[in-house]
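Engineer: Take a look at start-v1.cif, mmCIF, C-alpha atoms:
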data_target
loop_
_atom_site.label_atom_id
_atom_site.label_comp_id
_atom_site.auth_asym_id
_atom_site.auth_seq_id
_atom_site.Cartn_x
_atom_site.Cartn_y
_atom_site.Cartn_z
CA MET B 1 -84.19 90.51 54.28
CA GLN B 2 -85.92 87.87 56.32
CA LYS B 3 -88.55 88.88 58.81
CA ARG B 4 -88.15 87.63 62.30
CA MET B 5 -91.01 85.58 63.63
CA GLN B 6 -92.72 87.03 66.64
CA THR B 7 -92.84 84.55 69.47
CA SER B 8 -94.60 84.73 72.79
CA GLN B 9 -94.37 82.58 75.85
CA LEU B 10 -97.01 79.88 75.96
CA GLU B 11 -99.36 80.26 78.88
CA ILE B 12 -100.49 76.92 80.22
CA PRO B 13 -103.91 77.19 81.87
CA THR B 14 -104.13 76.17 85.49
CA LYS B 15 -107.05 75.09 87.59
CA ASN B 16 -108.71 77.62 89.79
CA PRO B 17 -108.16 76.83 93.47
CA ARG B 18 -111.09 75.15 95.14
CA VAL B 19 -113.14 77.25 97.50
CA PHE B 20 -116.12 75.06 98.41
CA LEU B 21 -114.48 71.63 98.40
CA PRO B 22 -111.19 70.48 99.93
CA ASP B 23 -108.38 69.81 97.45
CA ASN B 24 -107.81 66.32 98.85
CA LEU B 25 -111.41 65.16 98.55
CA LYS B 26 -111.49 61.50 97.51
CA ILE B 27 -114.82 60.23 96.27
CA ASP B 28 -114.82 56.66 97.53
CA SER B 29 -118.19 56.72 99.29
CA TRP B 30 -121.44 58.65 99.19
CA ASP B 31 -120.85 59.83 102.76
CA LYS B 32 -117.81 61.79 101.57
CA ILE B 33 -119.87 64.10 99.34
CA SER B 34 -123.43 64.06 100.70
CA PRO B 35 -122.70 66.80 103.32
CA TYR B 36 -121.84 69.23 100.52
CA PHE B 37 -125.14 68.54 98.78
CA GLU B 38 -126.97 69.05 102.06
CA GLU B 39 -125.15 72.34 102.69
CA LEU B 40 -126.11 73.69 99.26
CA LYS B 41 -129.67 72.48 99.64
CA ASN B 42 -130.16 74.06 103.08
CA ARG B 43 -128.10 77.25 102.73
CA GLU B 44 -130.10 80.45 103.12
CA ILE B 45 -129.85 82.89 100.22
CA ASN B 46 -130.81 86.44 101.18
CA SER B 47 -129.31 88.52 98.39
CA LYS B 48 -128.09 88.49 94.81
CA VAL B 49 -124.50 88.31 96.07
CA GLU B 50 -125.29 85.25 98.19
CA LEU B 51 -127.08 83.63 95.25
CA GLU B 52 -124.07 84.16 92.98
CA LYS B 53 -121.78 82.69 95.64
CA TRP B 54 -124.11 79.72 95.96
CA LEU B 55 -123.96 79.26 92.18
CA GLU B 56 -120.17 79.37 92.23
CA ASP B 57 -120.03 76.67 94.92
CA LYS B 58 -122.59 74.55 93.08
CA SER B 59 -120.62 74.89 89.85
CA GLU B 60 -117.36 73.91 91.54
CA PHE B 61 -119.00 70.87 93.12
CA GLU B 62 -120.51 69.69 89.85
CA ALA B 63 -117.21 70.23 88.00
CA VAL B 64 -115.33 68.09 90.52
CA LEU B 65 -117.88 65.29 90.23
CA GLU B 66 -117.83 65.40 86.42
CA GLU B 67 -114.04 65.36 86.32
CA ASP B 68 -113.82 62.47 88.76
CA MET B 69 -116.16 60.37 86.64
CA ALA B 70 -114.42 61.39 83.42
CA TRP B 71 -111.02 60.26 84.71
CA ARG B 72 -112.46 56.93 85.83
CA TYR B 73 -113.88 56.44 82.32
CA ILE B 74 -110.65 57.47 80.59
CA LYS B 75 -108.43 55.26 82.72
CA MET B 76 -110.73 52.29 82.27
CA ASN B 77 -110.65 52.65 78.49
CA ILE B 78 -106.89 53.10 78.39
CA ASP B 79 -106.47 49.66 79.98
CA THR B 80 -109.57 47.57 79.40
CA THR B 81 -107.91 44.53 80.98
CA ASN B 82 -107.56 46.20 84.37
CA GLU B 83 -110.48 44.96 86.47
CA LEU B 84 -109.78 47.48 89.24
CA LEU B 85 -110.20 50.44 86.88
CA GLU B 86 -113.43 48.96 85.57
CA LYS B 87 -114.63 48.45 89.14
CA ASP B 88 -113.85 52.09 90.00
CA PHE B 89 -115.93 53.32 87.07
CA HIS B 90 -118.88 51.06 87.82
CA PHE B 91 -118.75 52.09 91.47
CA PHE B 92 -119.30 55.71 90.44
CA ILE B 93 -122.16 55.06 88.01
CA SER B 94 -123.94 52.60 90.32
CA GLU B 95 -123.26 53.97 93.82
CA ILE B 96 -122.62 57.69 93.38
CA GLN B 97 -124.34 58.99 90.28
CA PRO B 98 -127.86 57.63 91.06
CA LYS B 99 -127.76 59.50 94.38
CA ILE B 100 -126.47 62.67 92.77
CA ALA B 101 -129.37 63.03 90.32
CA PRO B 102 -132.18 63.77 92.83
CA PHE B 103 -130.00 66.30 94.68
CA VAL B 104 -129.10 68.11 91.46
CA ASN B 105 -132.78 68.32 90.61
CA GLU B 106 -133.54 69.80 94.03
CA LEU B 107 -130.72 72.33 93.70
CA ASN B 108 -132.01 73.39 90.29
CA LYS B 109 -135.46 73.92 91.81
CA LYS B 110 -133.92 75.92 94.66
CA LEU B 111 -132.19 78.23 92.19
CA LEU B 112 -135.26 78.89 90.09
CA ALA B 113 -137.39 79.44 93.20
CA SER B 114 -135.02 82.03 94.65
CA GLN B 115 -136.52 85.49 94.99
CA HIS B 116 -133.23 86.89 93.68
CA VAL B 117 -133.02 84.81 90.50
CA ASN B 118 -134.40 87.66 88.36
CA GLU B 119 -131.56 89.87 89.56
CA LEU B 120 -129.03 87.72 87.67
CA LYS B 121 -128.45 89.96 84.67
CA SER B 122 -124.98 88.89 83.53
CA SER B 123 -124.65 87.34 80.09
CA GLY B 124 -125.04 83.60 80.17
CA TYR B 125 -127.52 83.43 83.00
CA PRO B 126 -130.66 83.45 80.78
CA ILE B 127 -129.32 80.48 78.82
CA LEU B 128 -128.39 78.66 82.03
CA LEU B 129 -131.80 79.25 83.60
CA ARG B 130 -133.61 78.18 80.46
CA ARG B 131 -131.59 74.94 80.38
CA LEU B 132 -132.23 74.19 84.05
CA LYS B 133 -135.96 74.72 83.59
CA LYS B 134 -135.90 72.10 80.86
CA GLU B 135 -133.87 69.69 83.02
CA ILE B 136 -136.45 69.97 85.80
CA GLU B 137 -139.26 69.47 83.30
CA ILE B 138 -137.88 66.18 81.93
CA PHE B 139 -136.48 64.80 85.20
CA ARG B 140 -138.06 61.51 86.32
CA ASP B 141 -137.03 59.43 89.33
CA GLU B 142 -137.84 56.23 87.45
CA ASN B 143 -135.21 57.10 84.84
CA ILE B 144 -132.32 57.11 87.33
CA PRO B 145 -131.79 53.32 87.35
CA LEU B 146 -132.28 53.27 83.58
CA PHE B 147 -129.44 55.76 83.12
CA THR B 148 -127.22 53.57 85.27
CA GLN B 149 -128.03 50.56 83.11
CA LEU B 150 -127.50 52.57 79.93
CA GLN B 151 -124.02 53.59 81.01
CA ALA B 152 -123.13 50.07 82.05
CA ASP B 153 -124.39 48.61 78.77
CA ALA B 154 -122.66 51.28 76.70
CA GLN B 155 -119.37 50.36 78.33
CA LYS B 156 -119.89 46.73 77.30
CA TYR B 157 -119.33 47.82 73.71
CA GLY B 158 -115.91 49.14 74.66
CA ALA B 159 -115.06 45.85 76.33
CA ILE B 160 -116.12 43.88 73.26
CA ALA B 161 -114.27 46.17 70.87
CA ALA B 162 -111.12 46.12 72.98
CA LYS B 163 -110.70 42.37 72.74
CA MET B 164 -111.00 42.31 68.94
CA THR B 165 -107.62 41.83 67.27
CA ILE B 166 -106.30 40.40 64.02
CA GLU B 167 -102.91 39.07 62.97
CA VAL B 168 -101.07 40.78 60.13
CA ASN B 169 -97.57 39.68 59.11
CA GLY B 170 -97.17 37.83 62.38
CA GLU B 171 -98.14 40.83 64.50
CA GLU B 172 -101.32 41.08 66.60
CA LEU B 173 -103.13 44.34 65.95
CA THR B 174 -106.18 46.05 67.44
CA MET B 175 -108.94 47.20 65.10
CA GLN B 176 -107.66 50.77 65.33
CA GLN B 177 -104.12 49.73 64.43
CA ALA B 178 -105.37 47.54 61.61
CA ALA B 179 -107.52 50.36 60.20
CA LYS B 180 -104.38 52.40 59.49
CA LEU B 181 -103.20 49.66 57.16
CA LEU B 182 -106.23 50.29 54.94
CA LYS B 183 -104.36 53.36 53.69
CA ASP B 184 -101.47 51.28 52.38
CA THR B 185 -100.67 51.78 48.68
CA ASP B 186 -100.70 48.02 48.02
CA ARG B 187 -104.25 47.20 46.93
CA SER B 188 -103.97 43.45 47.55
CA PHE B 189 -102.58 44.09 51.04
CA ARG B 190 -105.44 46.48 51.83
CA GLU B 191 -107.92 43.86 50.67
CA GLU B 192 -106.34 41.21 52.87
CA VAL B 193 -106.50 43.44 55.94
CA TYR B 194 -110.06 44.51 55.14
CA HIS B 195 -111.33 40.93 55.03
CA LYS B 196 -109.52 40.03 58.24
CA ILE B 197 -111.14 42.98 60.02
CA SER B 198 -114.57 42.05 58.67
CA LYS B 199 -114.27 38.39 59.67
CA ARG B 200 -113.17 39.33 63.18
CA ARG B 201 -116.11 41.68 63.63
CA GLU B 202 -118.52 39.04 62.36
CA LYS B 203 -117.65 36.91 65.40
CA GLU B 204 -119.17 39.56 67.66
CA VAL B 205 -122.33 40.16 65.63
CA ASP B 206 -124.69 38.37 67.99
CA ALA B 207 -123.31 40.05 71.11
CA LEU B 208 -123.37 43.50 69.54
CA ASN B 209 -126.87 43.03 68.10
CA GLU B 210 -128.17 42.00 71.51
CA LEU B 211 -126.44 44.93 73.17
CA TYR B 212 -127.74 47.41 70.63
CA THR B 213 -131.28 46.06 70.93
CA ASN B 214 -131.17 46.44 74.70
CA LEU B 215 -129.87 50.00 74.42
CA ILE B 216 -132.66 50.97 72.05
CA ALA B 217 -135.29 49.55 74.43
CA LEU B 218 -133.80 51.34 77.45
CA ARG B 219 -133.52 54.66 75.64
CA HIS B 220 -137.08 54.41 74.39
CA GLN B 221 -138.30 53.76 77.93
CA VAL B 222 -136.39 56.79 79.21
CA ALA B 223 -138.08 58.95 76.58
CA GLN B 224 -141.55 57.60 77.33
CA ASN B 225 -141.09 58.08 81.07
CA ALA B 226 -140.32 61.75 80.42
CA GLY B 227 -143.36 62.20 78.21
CA PHE B 228 -141.70 61.94 74.79
CA THR B 229 -142.67 59.63 71.97
CA ASN B 230 -139.08 58.83 71.01
CA TYR B 231 -135.50 59.12 72.28
CA ARG B 232 -134.51 61.62 69.59
CA ASP B 233 -136.98 64.21 70.84
CA TYR B 234 -136.00 63.49 74.44
CA MET B 235 -132.31 64.07 73.73
CA PHE B 236 -133.10 67.27 71.85
CA ALA B 237 -134.52 68.60 75.12
CA ALA B 238 -131.93 66.93 77.38
CA MET B 239 -129.05 68.55 75.46
CA GLY B 240 -130.54 72.00 75.93
CA ARG B 241 -131.68 72.51 72.35
CA PHE B 242 -134.40 75.10 71.78
#
As structure tokens - that is how I would like this structure written.
Structural biologist:
Amino acid sequence: MQKRMQTSQLEIPTKNPRVFLPDNLKIDSWDKISPYFEELKNREINSKVELEKWLEDKSEFEAVLEEDMAWRYIKMNIDTTNELLEKDFHFFISEIQPKIAPFVNELNKKLLASQHVNELKSSGYPILLRRLKKEIEIFRDENIPLFTQLQADAQKYGAIAAKMTIEVNGEELTMQQAAKLLKDTDRSFREEVYHKISKRREKEVDALNELYTNLIALRHQVAQNAGFTNYRDYMFAAMGRF
């Protein structure tokens, strides 16, 4: 006798409704979001309840900003030939994000300076507070433009990689599409594809070497500005490792 499989209705998660920000907020200028930073920065916090509400609003704000940037990045990489999508991404990292960083640092300081911060006993708060203390410790104003340049340079790799294609059996393939052919059972065919991929990548060696060298120099400067001897140790702290 066969057993019947137990099935349950799939629950698709939904976003929590916004409380602090309007649902139709469009981030197309700094003026659209700066009032919310100012409100959080200047809001009086006179109790644990008010501090927790402030944290909820801050979290919602940061989540919206992170999601907005993430979608710009995703859309740009889906269609690397669309100049408008690239422009939207670079607008965020050059015009919005550099102005966000100092405010976030001030909000972190406001939280840790609150007389009610020690009343936050729920699980998760100690880890959050420890991470924010580290973020304040390694924050440097002079690193803000370096982060902007790092993001812009990192995206250049995507642009270079996106334009690399090879022709196989009369069909133009991207590097990702061509890589799948390396699993073909025909050894001679795999070898042919492998050499085509290698030769195509060789054409970009100089550009990629220059880009990588610049990234190393920028990352090293970021680390030194924050008081670290190397970028590895800086990132260990920046990623909240203890």
Engineer: Just say which residues the PyMOL selection byres ((chain B and resi 18-29) around 10) picks in this file, as a PyMOL selection string.
Structural biologist: chain B and resi 15-17+30-34+36+53-54+56-61+64-65+68-69+88+91-92+95-96
Engineer: Would you compute the distance between atom CA of B:Ala152 and atom CA of B:Ile93? Give it in Å to one decimal.
Structural biologist: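 These atoms are spaced 7.8 Å apart.
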Engineer: Between atom CA of B:Leu182 and atom CA of B:Ala207, what distance in Å does the model show, to one decimal?
Structural biologist: 25.7 Å
Engineer: List, as a ChimeraX atom specification, every residue that the PyMOL selection byres ((chain B and resi 112) around 12) selects in the file provided.
Structural biologist: /B:51,55,105-111,113-120,125-126,128-136
Engineer: I'd like the contact shell of stretch 170-178 of chain B - 10 Å cut-off, all atoms listed in the file, skipping same-chain residues fewer than 3 positions apart - returned as a VMD selection string.
Structural biologist: chain B and resid 161 to 167 181 to 183 190 193 to 194 196 to 198 200 to 201
Engineer: Might you pull out every residue within 9 Å of B:Gln224, with only C-alpha atoms counted and same-chain residues fewer than 6 positions away left off, and present them as a list in words?
Structural biologist: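 My reading of the contact set: Asn230, Tyr231 and Tyr234 of chain B.
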Engineer: Go ahead and save the residues from that selection, with C-alpha atoms, as an mmCIF file, in the frame of the given file.
Structural biologist:
data_model
loop_
_atom_site.group_PDB
_atom_site.id
_atom_site.type_symbol
_atom_site.label_atom_id
_atom_site.label_comp_id
_atom_site.auth_asym_id
_atom_site.auth_seq_id
_atom_site.Cartn_x
_atom_site.Cartn_y
_atom_site.Cartn_z
ATOM 1 C CA ASN B 230 -139.080 58.830 71.010
ATOM 2 C CA TYR B 231 -135.500 59.120 72.280
ATOM 3 C CA TYR B 234 -136.000 63.490 74.440
#
